[in-house]
Structures are given as C-alpha cells and as structure tokens.
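Participant: Contents of work.cif (mmCIF, C-alpha atoms) are given next:
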```cif
data_structure
#
loop_
_atom_site.label_atom_id
_atom_site.label_comp_id
_atom_site.auth_asym_id
_atom_site.auth_seq_id
_atom_site.Cartn_x
_atom_site.Cartn_y
_atom_site.Cartn_z
CA MET C 1 -14.02 3.69 -9.06
CA GLU C 2 -11.47 1.74 -7.10
CA ARG C 3 -11.77 0.43 -3.55
CA VAL C 4 -9.00 1.68 -1.25
CA ASN C 5 -7.93 -0.16 1.88
CA VAL C 6 -6.97 2.75 4.14
CA TYR C 7 -5.52 0.41 6.76
CA ARG C 8 -2.70 -0.45 4.36
CA PHE C 9 -1.58 3.19 4.44
CA TYR C 10 -1.61 3.08 8.23
CA THR C 11 0.46 -0.13 8.20
CA LEU C 12 2.93 1.34 5.71
CA GLY C 13 3.37 4.43 7.89
CA HIS C 14 3.73 2.41 11.08
CA THR C 15 6.25 0.07 9.50
CA LEU C 16 8.34 2.84 8.00
CA HIS C 17 8.25 5.01 11.11
CA SER C 18 9.91 2.23 13.10
CA LEU C 19 13.06 2.93 11.05
CA SER C 20 13.40 6.41 12.55
CA GLY C 21 15.08 4.96 15.65
CA ILE C 22 18.04 3.47 13.78
CA LYS C 23 21.41 4.69 15.07
CA ALA C 24 24.93 4.17 13.75
CA ALA C 25 26.08 2.20 16.81
CA ASP C 26 23.14 -0.25 16.65
CA ASN C 27 23.74 -3.72 15.31
CA LEU C 28 21.74 -5.18 12.45
CA GLN C 29 19.96 -7.73 14.64
CA GLU C 30 18.21 -4.96 16.62
CA HIS C 31 16.42 -3.65 13.51
CA TYR C 32 16.42 -6.65 11.16
CA TYR C 33 12.67 -7.35 11.17
CA ALA C 34 11.80 -3.66 10.94
CA LEU C 35 14.12 -3.31 7.95
CA LEU C 36 12.81 -6.45 6.28
CA SER C 37 9.18 -5.37 6.79
CA ALA C 38 9.95 -1.91 5.44
CA GLN C 39 11.63 -3.46 2.40
CA LYS C 40 8.56 -5.58 1.63
CA TRP C 41 6.16 -2.63 2.06
CA LEU C 42 8.29 -0.34 -0.13
CA GLU C 43 8.42 -2.99 -2.87
CA TYR C 44 4.64 -3.34 -2.56
CA ALA C 45 4.16 0.44 -2.82
CA LEU C 46 6.48 0.71 -5.83
CA LYS C 47 4.31 -1.81 -7.68
CA ASP C 48 1.47 0.75 -7.28
CA HIS C 49 -0.61 -1.61 -5.13
CA LEU C 50 -1.49 1.19 -2.69
CA MET C 51 -1.86 3.90 -5.33
CA ALA C 52 0.04 5.10 -8.37
CA LEU C 53 3.06 6.88 -6.90
CA SER C 54 4.46 9.85 -8.77
CA VAL C 55 6.00 12.53 -6.53
CA SER C 56 7.18 10.08 -3.87
CA ARG C 57 8.43 7.32 -6.22
CA PRO C 58 12.10 8.48 -6.30
CA ALA C 59 12.21 8.85 -2.50
CA CYS C 60 10.61 5.42 -2.10
CA SER C 61 13.17 3.86 -4.45
CA SER C 62 16.05 5.60 -2.68
CA LEU C 63 15.00 4.37 0.77
CA LEU C 64 14.48 0.86 -0.60
CA GLY C 65 17.99 0.95 -2.06
CA ALA C 66 19.50 1.97 1.29
CA ILE C 67 17.68 -0.87 3.06
CA LYS C 68 18.71 -3.43 0.45
CA THR C 69 22.34 -2.32 0.73
CA LEU C 70 22.29 -2.84 4.48
CA LEU C 71 20.57 -6.24 4.19
CA GLU C 72 22.82 -7.57 1.44
CA PRO C 73 24.71 -10.72 2.46
CA GLU C 74 28.51 -10.46 2.41
CA VAL C 75 31.42 -12.86 2.32
CA PRO C 76 33.30 -12.48 5.63
CA LYS C 77 36.72 -10.80 5.38
CA GLY C 78 39.53 -13.34 5.24
CA ALA C 79 37.14 -16.20 4.39
CA ALA C 80 38.30 -19.04 2.18
CA ASN C 81 37.66 -18.76 -1.54
CA GLY C 82 34.18 -20.01 -2.44
CA THR C 83 32.66 -19.21 0.98
CA ALA C 84 28.97 -18.39 0.65
CA ALA C 85 27.81 -14.87 1.44
CA SER C 86 25.76 -14.49 4.61
CA LEU C 87 24.22 -11.75 6.66
CA ASN C 88 26.22 -10.80 9.75
CA MET C 89 23.51 -9.91 12.27
CA ASP C 90 26.12 -8.63 14.76
CA LYS C 91 27.60 -6.03 12.41
CA GLU C 92 27.22 -2.41 13.35
CA ILE C 93 24.89 -0.44 11.09
CA GLY C 94 27.40 2.38 10.81
CA PRO C 95 26.97 6.12 10.31
CA PHE C 96 26.57 6.08 6.52
CA CYS C 97 23.82 3.42 6.48
CA ALA C 98 22.05 4.91 9.48
CA PHE C 99 22.07 8.34 7.85
CA SER C 100 20.97 6.94 4.47
CA ILE C 101 17.97 5.24 6.06
CA THR C 102 16.86 7.98 8.45
CA SER C 103 17.29 10.79 5.91
CA GLY C 104 15.69 8.65 3.20
CA LEU C 105 12.77 8.03 5.53
CA GLN C 106 12.37 11.76 6.21
CA THR C 107 12.49 12.54 2.49
CA LEU C 108 9.89 9.86 1.75
CA GLU C 109 7.60 11.08 4.54
CA ASN C 110 7.77 14.64 3.16
CA ALA C 111 7.11 13.46 -0.39
CA LEU C 112 4.19 11.28 0.73
CA ALA C 113 2.75 14.17 2.75
CA ALA C 114 2.75 16.32 -0.38
CA GLU C 115 1.45 13.59 -2.67
CA LEU C 116 -1.30 12.25 -0.41
CA GLN C 117 -2.79 15.73 0.04
CA SER C 118 -3.67 15.77 -3.65
CA VAL C 119 -5.22 12.28 -3.76
CA ASP C 120 -8.99 12.36 -4.07
CA THR C 121 -10.33 10.03 -1.41
CA TYR C 122 -14.00 9.86 -0.47
CA ARG C 123 -16.05 8.03 2.09
CA VAL C 124 -19.35 6.68 0.84
CA SER C 125 -22.13 6.89 3.40
CA ILE C 126 -24.47 3.99 4.13
CA LYS C 127 -27.75 4.05 2.20
CA LEU C 128 -30.64 2.75 4.26
CA ALA C 129 -29.90 -0.87 5.22
CA TYR C 130 -27.73 -1.57 2.18
CA GLU C 131 -24.08 -2.47 2.59
CA THR C 132 -21.98 0.11 0.71
CA ARG C 133 -19.61 -2.49 -0.76
CA LEU C 134 -22.60 -4.46 -2.06
CA LEU C 135 -24.08 -1.40 -3.80
CA ILE C 136 -20.78 -0.47 -5.45
CA GLU C 137 -19.45 -3.89 -6.42
CA GLU C 138 -22.52 -6.11 -6.72
CA GLY C 139 -25.62 -3.97 -7.27
CA ASP C 140 -27.27 -6.85 -9.10
CA LYS C 141 -27.42 -8.76 -5.80
CA LEU C 142 -30.28 -6.46 -4.81
CA LEU C 143 -32.47 -8.89 -6.74
CA PRO C 144 -33.16 -12.35 -5.31
CA ASP C 145 -31.13 -15.13 -6.98
CA ASN C 146 -34.15 -16.77 -8.64
CA ILE C 147 -35.21 -13.49 -10.30
CA ARG C 148 -31.65 -12.45 -11.24
CA ALA C 149 -31.19 -15.76 -13.07
CA GLN C 150 -34.17 -14.92 -15.31
CA VAL C 151 -33.16 -11.41 -16.41
CA PRO C 152 -30.94 -10.69 -19.42
CA ALA C 153 -27.22 -9.97 -18.93
CA VAL C 154 -27.67 -6.35 -20.02
CA THR C 155 -30.19 -5.86 -17.21
CA VAL C 156 -27.73 -7.27 -14.68
CA GLN C 157 -25.12 -4.75 -15.91
CA GLU C 158 -27.64 -1.90 -15.56
CA LEU C 159 -28.44 -3.02 -12.00
CA LYS C 160 -24.73 -2.95 -11.15
CA GLN C 161 -24.46 0.59 -12.50
CA ALA C 162 -27.61 1.65 -10.63
CA GLY C 163 -26.09 0.32 -7.39
CA LYS C 164 -22.98 2.47 -7.93
CA CYS C 165 -25.17 5.49 -8.59
CA ILE C 166 -27.21 4.93 -5.42
CA ALA C 167 -24.01 4.60 -3.39
CA SER C 168 -22.61 7.84 -4.82
CA ASP C 169 -25.81 9.87 -4.21
CA THR C 170 -26.79 10.29 -7.85
CA PRO C 171 -30.44 9.18 -7.80
CA THR C 172 -31.28 10.56 -11.26
CA ALA C 173 -28.52 8.46 -12.82
CA ALA C 174 -29.69 5.43 -10.81
CA CYS C 175 -33.22 5.90 -12.20
CA PHE C 176 -31.83 6.12 -15.71
CA HIS C 177 -30.12 2.74 -15.30
CA LEU C 178 -33.15 1.17 -13.64
CA ILE C 179 -35.53 2.31 -16.36
#
```
How would this structure read if it were set down as structure tokens?
Facilitator:
Amino acid sequence: MERVNVYRFYTLGHTLHSLSGIKAADNLQEHYYALLSAQKWLEYALKDHLMALSVSRPACSSLLGAIKTLLEPEVPKGAANGTAASLNMDKEIGPFCAFSITSGLQTLENALAAELQSVDTYRVSIKLAYETRLLIEEGDKLLPDNIRAQVPAVTVQELKQAGKCIASDTPTAACFHLI
C-alpha cells in the first residue's frame, strides 16, 4: 500500500492548465513562471513521483520537450563570437511554439483523463479515535513506548500489520496478526 498525496495532482493540473492561455503574439516574459513551473512538474511526474505513468508518458514527454525548446537560451543574432547564450524574455512565443504547447497540453489532459480513470484510489475511513495514517504506517505505536520496548521485534511487525488490517476493514486478518 502506498500513500498518495492527492493535492499534488491538483497542483499539477492547476499548473499545467495555466499554459492553455498561451498565444503566438505573447512574449516569453508573460508566461515564463508558468512555463518554468510546468517544466518542473512534468519532470517530477516523469520520474513517477506522482504515480507510474504509462498511457500519458509520451504526451508528458512531448509537452516537456516543447516547453524546454521555448525556454532554451540562445545566442543573439549578430552577436560577437563567444557571446554567452541567454534567454530573451521579450521574444514573441510565435505560432509554432504556442501551438506545440497548447496542443501538447490538450493531448496530455486527454491521456491523463484516460489513465487516471483506471487508477485504483481508495479513501480509508477513520476507525474510532485512531488516526488513519498511524494505523497504516505505525500500528505498533498503539502500544505505549515502555511496553513496545519490551516486546520482540516480530511482535512489533505483527502489530504494524494488524494496524493496516484495522484501517482497511479486515478485522479477521487483524485478529490473526494480533494472536
């Protein structure tokens, strides 16, 4: 069982959706922070930190590529040899880049919509006065510290498993671990 931070999905969606307003005549400065944030979130998603991407991975990579192309520093035209590349914040985004980003965003949103419908996500209800995270991750903390220090390591492991069972509404399995 793996803990999922649902707010990260919300943040990813909010960050990416801000790219939908990009137009060809806009300059880079108007959307720089939105593009940079989207780049960081896409890199994060491609490392499977949100979930293991499969269906939406190519669309995610494609959108990331379009953003990186737009944010790549360039040597100004007519600059002296050896001039360092820099990002021209006043440059116009242009029709090709604007289309690449907005269509890439639409493709990614469609792919994510399809992929996220098949992800099994559950909400664990609260059990009495016990904190759900505590039951799932640290079931052994149900014992006071002084008693927990005196029980064998195998018993601590069984208590952890029993906590997971209680959280997931499998009381028979919890009893098995407790016995």
Participant: Would you mind listing, for every residue of region 57-113 of chain C within 12 Å of region 34-40 of chain C, the two atoms forming the shortest contact and the distance between them in Å to one decimal, using only C-alpha atoms, sorted by chain and ascending residue number, as CSV?
Facilitator:
```
residue,atom,partner,partner_atom,distance
C:Cys60,CA,C:Gln39,CA,10.0
C:Ser61,CA,C:Gln39,CA,10.1
C:Ser62,CA,C:Gln39,CA,11.3
C:Leu63,CA,C:Gln39,CA,8.7
C:Leu64,CA,C:Gln39,CA,6.0
C:Gly65,CA,C:Gln39,CA,8.9
C:Ala66,CA,C:Gln39,CA,9.6
C:Ile67,CA,C:Leu35,CA,6.5
C:Lys68,CA,C:Gln39,CA,7.3
C:Thr69,CA,C:Gln39,CA,10.9
C:Leu70,CA,C:Leu35,CA,8.9
C:Leu71,CA,C:Leu35,CA,8.0
C:Glu72,CA,C:Leu36,CA,11.2
C:Ile93,CA,C:Leu35,CA,11.6
C:Cys97,CA,C:Leu35,CA,11.9
C:Ala98,CA,C:Leu35,CA,11.5
C:Ile101,CA,C:Leu35,CA,9.6
C:Thr102,CA,C:Leu35,CA,11.6
C:Leu105,CA,C:Ala38,CA,10.3
```
Participant: Assuming the chain letters and numbering stay as they are in my file, what does the PyMOL selection byres ((chain C and resi 108) around 8) actually select? List them as a list in words.
Facilitator: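 On this input, the PyMOL selection byres ((chain C and resi 108) around 8) captures Ser56, Ala59, Cys60, Leu63, Gly104, Leu105, Gln106, Thr107, Glu109, Asn110, Ala111 and Leu112 of chain C.
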Participant: I need the residue nearest Thr132 (chain C) from this list: C:Ile147, C:Ala167, C:Ala114, C:Ala153. Use only C-alpha atoms for the distance.
Facilitator: C:Ala167
Participant: Which is closest to Phe96 (chain C) among C:Thr155, C:Tyr122, C:Lys127, C:Ala24, if we use only C-alpha atoms?
Facilitator: C:Ala24
Participant: With all atoms listed in the file as the atoms that count, which of C:Pro76, C:Leu116, C:Glu138, C:Ala85 lies nearest to Phe9 (chain C)?
Facilitator: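 Result for the nearest residue to Phe9 (chain C): C:Leu116.
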Participant: So which residues touch His177 (chain C) within 10 Å, counting all atoms listed in the file, skipping near sequence neighbours fewer than 4 positions away, as JSON, numbers by chain?
Facilitator: {"C": [155, 157, 158, 159, 160, 161, 162, 163, 165, 171, 172, 173]}
Participant: So what do you get for CA of Asp90 (chain C) versus CA of Asn27 (chain C), distance-wise?
Facilitator: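 The value is 5.5 Å.
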Participant: If you measure from CA of Leu19 (chain C) to CA of Met89 (chain C), what distance in Å do you get, rounded to one decimal?
Facilitator: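 Spanning CA of Leu19 (chain C) to CA of Met89 (chain C) is a straight-line distance of 16.6 Å.
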Participant: Hey, which of C:Val119, C:Trp41, C:Leu28, C:Ile126 ends up closest to Asn88 (chain C)? Count all atoms listed in the file.
Facilitator: C:Leu28
Participant: Taking all atoms listed in the file into account, which of C:Ile166, C:Val154, C:Ala45, C:Val75 comes nearest Arg133 (chain C)?
Facilitator: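 Comparing C:Ile166, C:Val154, C:Ala45, C:Val75 against Arg133 (chain C), the winner is C:Ile166.
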Participant: Taking into account all atoms listed in the file, which residue in the set C:Val156, C:Arg57, C:Leu128, C:His17 is nearest to Lys141 (chain C)?
Facilitator: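 With all atoms listed in the file as the atom set, the closest residue is C:Val156.
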Participant: CA of Thr170 (chain C) to CA of Gln117 (chain C): how many Å, to one decimal?
Facilitator: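 We find that CA of Thr170 (chain C) and CA of Gln117 (chain C) lie 25.8 Å from each other.
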Participant: So which residues get picked by the PyMOL selection byres ((chain C and resi 50) around 10) here, written as an NGL selection string?
Facilitator: :C and (4-6 or 8-9 or 12 or 41 or 44-49 or 51-53)
Participant: What would the file look like if the residues just selected were written as a PDB file, in the coordinates of the input with C-alpha atoms?
Facilitator:
```pdb
ATOM      1  CA  VAL C   4      -9.000   1.680  -1.250  1.00  0.00           C
ATOM      2  CA  ASN C   5      -7.930  -0.160   1.880  1.00  0.00           C
ATOM      3  CA  VAL C   6      -6.970   2.750   4.140  1.00  0.00           C
ATOM      4  CA  ARG C   8      -2.700  -0.450   4.360  1.00  0.00           C
ATOM      5  CA  PHE C   9      -1.580   3.190   4.440  1.00  0.00           C
ATOM      6  CA  LEU C  12       2.930   1.340   5.710  1.00  0.00           C
ATOM      7  CA  TRP C  41       6.160  -2.630   2.060  1.00  0.00           C
ATOM      8  CA  TYR C  44       4.640  -3.340  -2.560  1.00  0.00           C
ATOM      9  CA  ALA C  45       4.160   0.440  -2.820  1.00  0.00           C
ATOM     10  CA  LEU C  46       6.480   0.710  -5.830  1.00  0.00           C
ATOM     11  CA  LYS C  47       4.310  -1.810  -7.680  1.00  0.00           C
ATOM     12  CA  ASP C  48       1.470   0.750  -7.280  1.00  0.00           C
ATOM     13  CA  HIS C  49      -0.610  -1.610  -5.130  1.00  0.00           C
ATOM     14  CA  MET C  51      -1.860   3.900  -5.330  1.00  0.00           C
ATOM     15  CA  ALA C  52       0.040   5.100  -8.370  1.00  0.00           C
ATOM     16  CA  LEU C  53       3.060   6.880  -6.900  1.00  0.00           C
TER      17      LEU C  53
END
```
Participant: So that all listed atoms of region 146-157 of chain C fit with 8 Å spare on each side, what axis-aligned box centre and edge lengths in Å, to one decimal, would you give as lines of an AutoDock Vina configuration file?
Facilitator:
```
center_x = -30.2
center_y = -10.8
center_z = -14.3
size_x = 26.1
size_y = 28.0
size_z = 27.4
```
Participant: With the input short on atoms, add N, CA and C atoms back to region 50-83 of chain C and write it as an mmCIF file, in the frame of the given file.
Facilitator:
```
data_model
loop_
_atom_site.group_PDB
_atom_site.id
_atom_site.type_symbol
_atom_site.label_atom_id
_atom_site.label_comp_id
_atom_site.auth_asym_id
_atom_site.auth_seq_id
_atom_site.Cartn_x
_atom_site.Cartn_y
_atom_site.Cartn_z
ATOM 1 N N LEU C 50 -0.765 0.264 -3.571
ATOM 2 C CA LEU C 50 -1.490 1.190 -2.690
ATOM 3 C C LEU C 50 -2.175 2.259 -3.522
ATOM 4 N N MET C 51 -1.406 2.868 -4.399
ATOM 5 C CA MET C 51 -1.860 3.900 -5.330
ATOM 6 C C MET C 51 -0.727 4.123 -6.313
ATOM 7 N N ALA C 52 -1.011 4.805 -7.396
ATOM 8 C CA ALA C 52 0.040 5.100 -8.370
ATOM 9 C C ALA C 52 0.918 6.223 -7.802
ATOM 10 N N LEU C 53 2.145 5.887 -7.461
ATOM 11 C CA LEU C 53 3.060 6.880 -6.900
ATOM 12 C C LEU C 53 3.660 7.711 -8.027
ATOM 13 N N SER C 54 3.768 9.007 -7.796
ATOM 14 C CA SER C 54 4.460 9.850 -8.770
ATOM 15 C C SER C 54 5.505 10.690 -8.048
ATOM 16 N N VAL C 55 5.090 11.634 -7.231
ATOM 17 C CA VAL C 55 6.000 12.530 -6.530
ATOM 18 C C VAL C 55 6.920 11.762 -5.583
ATOM 19 N N SER C 56 6.400 10.787 -4.884
ATOM 20 C CA SER C 56 7.180 10.080 -3.870
ATOM 21 C C SER C 56 7.928 8.852 -4.399
ATOM 22 N N ARG C 57 7.773 8.511 -5.663
ATOM 23 C CA ARG C 57 8.430 7.320 -6.220
ATOM 24 C C ARG C 57 9.962 7.369 -6.087
ATOM 25 N N PRO C 58 10.639 8.475 -6.445
ATOM 26 C CA PRO C 58 12.100 8.480 -6.300
ATOM 27 C C PRO C 58 12.551 8.321 -4.834
ATOM 28 N N ALA C 59 11.853 8.960 -3.912
ATOM 29 C CA ALA C 59 12.210 8.850 -2.500
ATOM 30 C C ALA C 59 11.974 7.425 -1.998
ATOM 31 N N CYS C 60 10.913 6.808 -2.461
ATOM 32 C CA CYS C 60 10.610 5.420 -2.100
ATOM 33 C C CYS C 60 11.701 4.489 -2.620
ATOM 34 N N SER C 61 12.109 4.682 -3.854
ATOM 35 C CA SER C 61 13.170 3.860 -4.450
ATOM 36 C C SER C 61 14.502 4.058 -3.735
ATOM 37 N N SER C 62 14.791 5.290 -3.366
ATOM 38 C CA SER C 62 16.050 5.600 -2.680
ATOM 39 C C SER C 62 16.114 4.918 -1.306
ATOM 40 N N LEU C 63 15.029 5.017 -0.538
ATOM 41 C CA LEU C 63 15.000 4.370 0.770
ATOM 42 C C LEU C 63 15.095 2.851 0.630
ATOM 43 N N LEU C 64 14.403 2.306 -0.350
ATOM 44 C CA LEU C 64 14.480 0.860 -0.600
ATOM 45 C C LEU C 64 15.909 0.455 -0.926
ATOM 46 N N GLY C 65 16.602 1.238 -1.719
ATOM 47 C CA GLY C 65 17.990 0.950 -2.060
ATOM 48 C C GLY C 65 18.901 0.943 -0.836
ATOM 49 N N ALA C 66 18.687 1.898 0.066
ATOM 50 C CA ALA C 66 19.500 1.970 1.290
ATOM 51 C C ALA C 66 19.263 0.745 2.173
ATOM 52 N N ILE C 67 18.012 0.321 2.248
ATOM 53 C CA ILE C 67 17.680 -0.870 3.060
ATOM 54 C C ILE C 67 18.289 -2.118 2.440
ATOM 55 N N LYS C 68 18.158 -2.254 1.122
ATOM 56 C CA LYS C 68 18.710 -3.430 0.450
ATOM 57 C C LYS C 68 20.226 -3.504 0.595
ATOM 58 N N THR C 69 20.884 -2.352 0.549
ATOM 59 C CA THR C 69 22.340 -2.320 0.730
ATOM 60 C C THR C 69 22.720 -2.846 2.103
ATOM 61 N N LEU C 70 21.994 -2.405 3.112
ATOM 62 C CA LEU C 70 22.290 -2.840 4.480
ATOM 63 C C LEU C 70 22.001 -4.333 4.675
ATOM 64 N N LEU C 71 20.972 -4.836 4.012
ATOM 65 C CA LEU C 71 20.570 -6.240 4.190
ATOM 66 C C LEU C 71 21.243 -7.205 3.212
ATOM 67 N N GLU C 72 22.160 -6.699 2.418
ATOM 68 C CA GLU C 72 22.820 -7.570 1.440
ATOM 69 C C GLU C 72 23.836 -8.478 2.118
ATOM 70 N N PRO C 73 23.741 -9.778 1.875
ATOM 71 C CA PRO C 73 24.710 -10.720 2.460
ATOM 72 C C PRO C 73 26.120 -10.436 1.937
ATOM 73 N N GLU C 74 27.119 -10.695 2.784
ATOM 74 C CA GLU C 74 28.510 -10.460 2.410
ATOM 75 C C GLU C 74 29.349 -11.689 2.728
ATOM 76 N N VAL C 75 30.443 -11.817 2.001
ATOM 77 C CA VAL C 75 31.420 -12.860 2.320
ATOM 78 C C VAL C 75 32.314 -12.282 3.416
ATOM 79 N N PRO C 76 32.465 -12.991 4.532
ATOM 80 C CA PRO C 76 33.300 -12.480 5.630
ATOM 81 C C PRO C 76 34.732 -12.207 5.174
ATOM 82 N N LYS C 77 35.334 -11.136 5.719
ATOM 83 C CA LYS C 77 36.720 -10.800 5.380
ATOM 84 C C LYS C 77 37.647 -11.938 5.811
ATOM 85 N N GLY C 78 38.567 -12.290 4.935
ATOM 86 C CA GLY C 78 39.530 -13.340 5.240
ATOM 87 C C GLY C 78 38.964 -14.749 5.088
ATOM 88 N N ALA C 79 37.752 -14.871 4.564
ATOM 89 C CA ALA C 79 37.140 -16.200 4.390
ATOM 90 C C ALA C 79 37.785 -16.913 3.210
ATOM 91 N N ALA C 80 37.736 -18.226 3.254
ATOM 92 C CA ALA C 80 38.300 -19.040 2.180
ATOM 93 C C ALA C 80 37.546 -18.773 0.882
ATOM 94 N N ASN C 81 38.248 -18.951 -0.219
ATOM 95 C CA ASN C 81 37.660 -18.760 -1.540
ATOM 96 C C ASN C 81 36.461 -19.699 -1.722
ATOM 97 N N GLY C 82 35.367 -19.197 -2.221
ATOM 98 C CA GLY C 82 34.180 -20.010 -2.440
ATOM 99 C C GLY C 82 33.222 -20.024 -1.253
ATOM 100 N N THR C 83 33.542 -19.283 -0.190
ATOM 101 C CA THR C 83 32.660 -19.210 0.980
ATOM 102 C C THR C 83 31.382 -18.466 0.578
#
```
